[in-house]
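Structure data (PDB, C-alpha atoms) from model-v2.pdb:
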```
ATOM      1  CA  TRP A   1     -12.497-186.135  44.588
ATOM      2  CA  CYS A   2     -14.280-189.484  44.581
ATOM      3  CA  LYS A   3     -11.062-191.365  45.341
ATOM      4  CA  ASP A   4     -10.735-189.565  48.700
ATOM      5  CA  TYR A   5     -14.154-190.687  49.855
ATOM      6  CA  ILE A   6     -13.526-194.289  48.816
ATOM      7  CA  ARG A   7     -10.281-194.492  50.786
ATOM      8  CA  GLU A   8     -11.637-192.653  53.830
ATOM      9  CA  ALA A   9     -14.330-195.170  54.709
ATOM     10  CA  GLU A  10     -16.487-194.202  57.662
ATOM     11  CA  ILE A  11     -16.562-196.351  60.783
ATOM     12  CA  VAL A  12     -20.062-197.794  60.976
ATOM     13  CA  ASP A  13     -19.878-200.093  64.013
ATOM     14  CA  VAL A  14     -17.900-200.771  67.165
ATOM     15  CA  CYS A  15     -17.769-204.545  67.739
ATOM     16  CA  ASP A  16     -15.585-205.018  70.816
ATOM     17  CA  HIS A  17     -12.993-203.366  73.059
ATOM     18  CA  ARG A  18      -9.750-204.270  74.820
ATOM     19  CA  VAL A  19      -6.823-202.742  76.665
ATOM     20  CA  PHE A  20      -3.641-203.150  74.665
ATOM     21  CA  CYS A  21      -0.338-201.758  76.028
ATOM     22  CA  SER A  22      -2.341-199.650  78.515
ATOM     23  CA  THR A  23      -4.374-198.095  75.658
ATOM     24  CA  LEU A  24      -8.106-198.616  75.288
ATOM     25  CA  GLN A  25      -8.773-199.957  71.794
ATOM     26  CA  VAL A  26     -12.013-200.732  70.015
ATOM     27  CA  HIS A  27     -12.657-203.250  67.255
ATOM     28  CA  VAL A  28     -14.320-201.215  64.480
ATOM     29  CA  LEU A  29     -15.969-202.041  61.186
ATOM     30  CA  HIS A  30     -15.553-199.592  58.304
ATOM     31  CA  ASP A  31     -18.228-198.959  55.683
ATOM     32  CA  GLY A  32     -17.831-201.570  52.932
ATOM     33  CA  ASP A  33     -15.343-203.738  54.831
ATOM     34  CA  LEU A  34     -16.000-207.292  55.971
ATOM     35  CA  GLU A  35     -13.266-207.542  58.597
ATOM     36  CA  PRO A  36     -13.030-205.207  61.606
ATOM     37  CA  GLU A  37      -9.767-203.638  62.787
ATOM     38  CA  TRP A  38      -8.451-202.431  66.155
ATOM     39  CA  LYS A  39      -8.176-198.661  66.662
ATOM     40  CA  ASP A  40      -7.370-196.388  69.567
ATOM     41  CA  ALA A  41     -10.750-195.579  71.136
ATOM     42  CA  LYS A  42      -9.951-191.858  71.229
ATOM     43  CA  ASP A  43      -9.745-191.851  67.399
ATOM     44  CA  VAL A  44     -13.336-193.084  67.004
ATOM     45  CA  ASP A  45     -16.461-190.916  66.766
ATOM     46  CA  THR A  46     -17.966-190.089  70.161
ATOM     47  CA  ASP A  47     -21.509-190.996  69.045
ATOM     48  CA  LEU A  48     -20.477-194.509  68.005
ATOM     49  CA  LEU A  49     -18.656-195.075  71.265
ATOM     50  CA  GLN A  50     -21.598-193.766  73.269
ATOM     51  CA  ASP A  51     -23.921-196.221  71.484
ATOM     52  CA  TYR A  52     -21.484-199.083  72.110
ATOM     53  CA  VAL A  53     -21.130-198.265  75.811
ATOM     54  CA  GLU A  54     -24.899-198.005  76.297
ATOM     55  CA  LYS A  55     -25.564-201.205  74.343
ATOM     56  CA  HIS A  56     -23.078-203.191  76.449
ATOM     57  CA  GLY A  57     -23.896-201.619  79.822
ATOM     58  CA  ILE A  58     -20.390-200.220  80.340
ATOM     59  CA  SER A  59     -20.140-197.605  83.063
ATOM     60  CA  LEU A  60     -18.560-194.284  82.102
ATOM     61  CA  LYS A  61     -17.295-194.117  85.684
ATOM     62  CA  ASP A  62     -14.812-196.876  84.828
ATOM     63  CA  ARG A  63     -11.414-195.145  84.634
ATOM     64  CA  ARG A  64     -10.796-196.475  81.119
ATOM     65  CA  TRP A  65     -13.996-194.831  79.829
ATOM     66  CA  LYS A  66     -14.058-191.671  81.994
ATOM     67  CA  TRP A  67     -12.638-189.529  79.154
ATOM     68  CA  LEU A  68     -15.637-190.480  77.000
ATOM     69  CA  GLN A  69     -18.029-188.931  79.500
ATOM     70  CA  ASN A  70     -16.199-185.608  79.107
ATOM     71  CA  GLU A  71     -16.215-185.909  75.290
ATOM     72  CA  ILE A  72     -19.965-186.529  75.277
ATOM     73  CA  LYS A  73     -20.534-183.392  77.360
ATOM     74  CA  LYS A  74     -18.379-181.335  74.956
ATOM     75  CA  ALA A  75     -20.193-182.714  71.911
ATOM     76  CA  LYS A  76     -23.610-181.852  73.342
ATOM     77  CA  LYS A  77     -22.522-178.250  73.890
ATOM     78  CA  ASN A  78     -21.010-177.966  70.397
ATOM     79  CA  TRP A  79     -23.812-179.346  68.195
ATOM     80  CA  PHE A  80     -24.823-175.997  66.676
ATOM     81  CA  ALA A  81     -21.282-175.087  65.582
ATOM     82  CA  LYS A  82     -20.940-178.484  63.881
ATOM     83  CA  ALA A  83     -24.226-177.957  62.041
ATOM     84  CA  GLN A  84     -23.138-174.494  60.886
ATOM     85  CA  ASP A  85     -19.771-175.786  59.681
ATOM     86  CA  ARG A  86     -21.459-178.548  57.687
ATOM     87  CA  VAL A  87     -23.961-176.216  56.015
ATOM     88  CA  SER A  88     -21.444-173.469  55.226
ATOM     89  CA  ASP A  89     -18.706-175.659  53.691
ATOM     90  CA  VAL A  90     -19.034-174.523  50.066
ATOM     91  CA  LYS A  91     -16.225-176.732  48.709
ATOM     92  CA  ARG A  92     -17.744-179.844  50.262
ATOM     93  CA  MET A  93     -21.196-178.963  48.954
ATOM     94  CA  ALA A  94     -19.792-178.493  45.426
ATOM     95  CA  GLU A  95     -18.107-181.911  45.616
ATOM     96  CA  TYR A  96     -21.339-183.530  46.742
ATOM     97  CA  SER A  97     -23.232-181.778  43.965
ATOM     98  CA  ARG A  98     -20.817-183.284  41.410
ATOM     99  CA  PHE A  99     -21.189-186.661  43.113
ATOM    100  CA  VAL A 100     -25.006-186.527  42.895
ATOM    101  CA  GLU A 101     -24.809-185.522  39.220
ATOM    102  CA  SER A 102     -22.372-188.383  38.500
ATOM    103  CA  LEU A 103     -24.699-190.897  40.129
ATOM    104  CA  HIS A 104     -27.645-189.592  38.126
ATOM    105  CA  ARG A 105     -25.728-189.728  34.830
ATOM    106  CA  ALA A 106     -24.532-193.282  35.542
ATOM    107  CA  PHE A 107     -28.087-194.361  36.350
ATOM    108  CA  LYS A 108     -29.497-192.767  33.177
ATOM    109  CA  LYS A 109     -26.874-194.597  31.019
ATOM    110  CA  ARG A 110     -28.188-198.008  32.085
ATOM    111  CA  GLU A 111     -30.318-199.765  29.492
ATOM    112  CA  ASP A 112     -32.101-202.039  31.965
ATOM    113  CA  PRO A 113     -33.571-199.998  34.837
ATOM    114  CA  ASN A 114     -34.325-203.238  36.716
ATOM    115  CA  SER A 115     -30.759-204.564  36.732
ATOM    116  CA  LYS A 116     -28.868-204.978  39.987
ATOM    117  CA  GLU A 117     -26.484-202.131  39.075
ATOM    118  CA  SER A 118     -29.332-199.783  38.114
ATOM    119  CA  LYS A 119     -31.107-200.434  41.393
ATOM    120  CA  ALA A 120     -27.876-199.864  43.349
ATOM    121  CA  LEU A 121     -27.226-196.589  41.501
ATOM    122  CA  GLY A 122     -30.824-195.461  41.998
ATOM    123  CA  GLN A 123     -30.613-196.162  45.733
ATOM    124  CA  ALA A 124     -27.236-194.410  45.933
ATOM    125  CA  PHE A 125     -28.671-191.378  44.118
ATOM    126  CA  LYS A 126     -31.599-191.235  46.533
ATOM    127  CA  LEU A 127     -29.262-191.461  49.556
ATOM    128  CA  SER A 128     -26.889-188.882  48.092
ATOM    129  CA  LEU A 129     -29.631-186.252  48.004
ATOM    130  CA  ASP A 130     -29.649-186.117  51.816
ATOM    131  CA  ILE A 131     -25.879-185.966  52.330
ATOM    132  CA  GLY A 132     -25.828-182.180  52.288
ATOM    133  CA  LYS A 133     -28.323-182.019  55.126
ATOM    134  CA  HIS A 134     -27.453-185.066  57.184
ATOM    135  CA  GLY A 135     -23.921-186.069  56.219
ATOM    136  CA  GLY A 136     -22.900-189.684  55.933
ATOM    137  CA  ARG A 137     -21.746-191.972  53.154
ATOM    138  CA  VAL A 138     -23.318-193.631  50.142
ATOM    139  CA  PRO A 139     -22.589-197.365  49.932
ATOM    140  CA  LEU A 140     -21.568-198.577  46.464
ATOM    141  CA  ASP A 141     -19.682-201.671  45.405
ATOM    142  CA  GLN A 142     -16.160-201.194  44.075
ATOM    143  CA  LEU A 143     -16.984-201.468  40.355
ATOM    144  CA  LEU A 144     -19.722-198.836  40.578
ATOM    145  CA  ARG A 145     -17.422-196.580  42.608
ATOM    146  CA  MET A 146     -14.804-196.827  39.878
ATOM    147  CA  GLU A 147     -17.405-196.032  37.226
ATOM    148  CA  ILE A 148     -18.579-192.939  39.137
ATOM    149  CA  ALA A 149     -14.956-191.839  39.599
ATOM    150  CA  GLY A 150     -14.391-192.257  35.833
ATOM    151  CA  LYS A 151     -11.792-195.022  36.128
ATOM    152  CA  LYS A 152     -11.526-198.262  34.142
ATOM    153  CA  ALA A 153     -11.881-201.573  35.997
TER     154      ALA A 153
END
```

Re-express the file's structure as structure tokens.
Amino acid sequence: WCKDYIREAEIVDVCDHRVFCSTLQVHVLHDGDLEPEWKDAKDVDTDLLQDYVEKHGISLKDRRWKWLQNEIKKAKKNWFAKAQDRVSDVKRMAEYSRFVESLHRAFKKREDPNSKESKALGQAFKLSLDIGKHGGRVPLDQLLRMEIAGKKA
């Protein structure tokens, strides 16, 4: 289960945009990555795109961004259904429960509670407690991710 979350890194920032072969693309940065990549804008979360457009003063009346205006309206109407789906997903909640327990066990195994790894695990544990309510990801470096997943480096 942990492997899926490592590979499916969340997009955390939109850095730039361009039109490539008549398709609007955005330069996105994934959680844990150092280099951004180009993606079709329609494949990126509406909230991130809305923040990017507002930050850069881009008009949603521009024909390339008009579709986003419609997506924002749909998302505002659908917020309650999304919240219900998140809260009622029993399988996902069980996976997160195992994840929180794994982080806690890994933290407790550390001999030096002030080490860099212990602090990172403690912070990850704290962040993981709110995932069930708020969603999101827990940032961990690759070696700690492998330890939580039970794999050898």

Just the residues within 12 Å of Lys119 (chain A), please, counting only C-alpha atoms, with nothing from its chain fewer than 4 positions along; format it as a PyMOL selection string. chain A and resi 103-104+106-108+110-115+123-126+140+144

Tell me which protein, DNA and RNA residues are within 8 Å of Ala41 (chain A), counting all atoms listed in the file, leaving out same-chain ones fewer than 2 positions away, and put them as number ranges by chain. A: 24-26, 39, 43-44, 49

For C-alpha atoms, I'd like the residues from the last selection saved as a CSV table (one decimal), in the frame of the given file.
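Contents of the output file out.csv:
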```
chain,number,residue,atom,x,y,z
A,24,LEU,CA,-8.1,-198.6,75.3
A,25,GLN,CA,-8.8,-200.0,71.8
A,26,VAL,CA,-12.0,-200.7,70.0
A,39,LYS,CA,-8.2,-198.7,66.7
A,43,ASP,CA,-9.7,-191.9,67.4
A,44,VAL,CA,-13.3,-193.1,67.0
A,49,LEU,CA,-18.7,-195.1,71.3
```

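Restricting the calculation to only C-alpha atoms, the smallest distance between Ser102 (chain A) and any of A:Leu127, A:Ile148, A:Leu68, A:Ala81 is found for A:Ile148.
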
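Here CA of Ala75 (chain A) and CA of Asp62 (chain A) stand 19.9 Å from one another.
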
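Across the structure, CA of Asp13 (chain A) and CA of Lys42 (chain A) are spaced 14.8 Å apart.
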
Between CA of Leu143 (chain A) and CA of Ala94 (chain A), what is the distance, to one decimal in Å?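 Between CA of Leu143 (chain A) and CA of Ala94 (chain A) the gap works out to 23.7 Å.
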
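For the set A:Asp47, A:Asp31, A:Asp40, A:Glu10, the residue with the smallest atom-to-atom gap to Asp141 (chain A) is A:Asp31, counting all atoms listed in the file.
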
For the provided coordinates, the residues matched by the PyMOL selection byres ((chain A and resi 72) around 12) should be stated as a ChimeraX atom specification. /A:45-51,53,60,65-71,73-79

Given the PyMOL selection byres ((chain A and resi 36) around 10), the residues it picks as a PyMOL selection string: chain A and resi 11+13-16+26-30+33-35+37-39

Counting all atoms listed in the file, closest pick from A:Gln142, A:Arg63, A:Ile131, A:Val12 relative to Arg92 (chain A) is A:Ile131

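Distances from A:Ser118, A:Gln84, A:Ser22, A:Ser128 to Glu101 (chain A) were compared using all atoms listed in the file, and the smallest one belongs to A:Ser128.
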
Give me the residues near Arg105 (chain A) as a tab-separated table (two decimals) with C-alpha atoms, in the frame of the given file, where near means some atom within 12 Å (using all atoms listed in the file) and where sequence neighbours in that chain fewer than 6 positions away do not count.
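Writing the result to out-v6.tsv gives the following:
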```
chain	number	residue	atom	x	y	z
A	98	ARG	CA	-20.82	-183.28	41.41
A	99	PHE	CA	-21.19	-186.66	43.11
A	118	SER	CA	-29.33	-199.78	38.11
A	121	LEU	CA	-27.23	-196.59	41.50
A	122	GLY	CA	-30.82	-195.46	42.00
A	125	PHE	CA	-28.67	-191.38	44.12
A	147	GLU	CA	-17.40	-196.03	37.23
A	148	ILE	CA	-18.58	-192.94	39.14
A	149	ALA	CA	-14.96	-191.84	39.60
A	150	GLY	CA	-14.39	-192.26	35.83
```
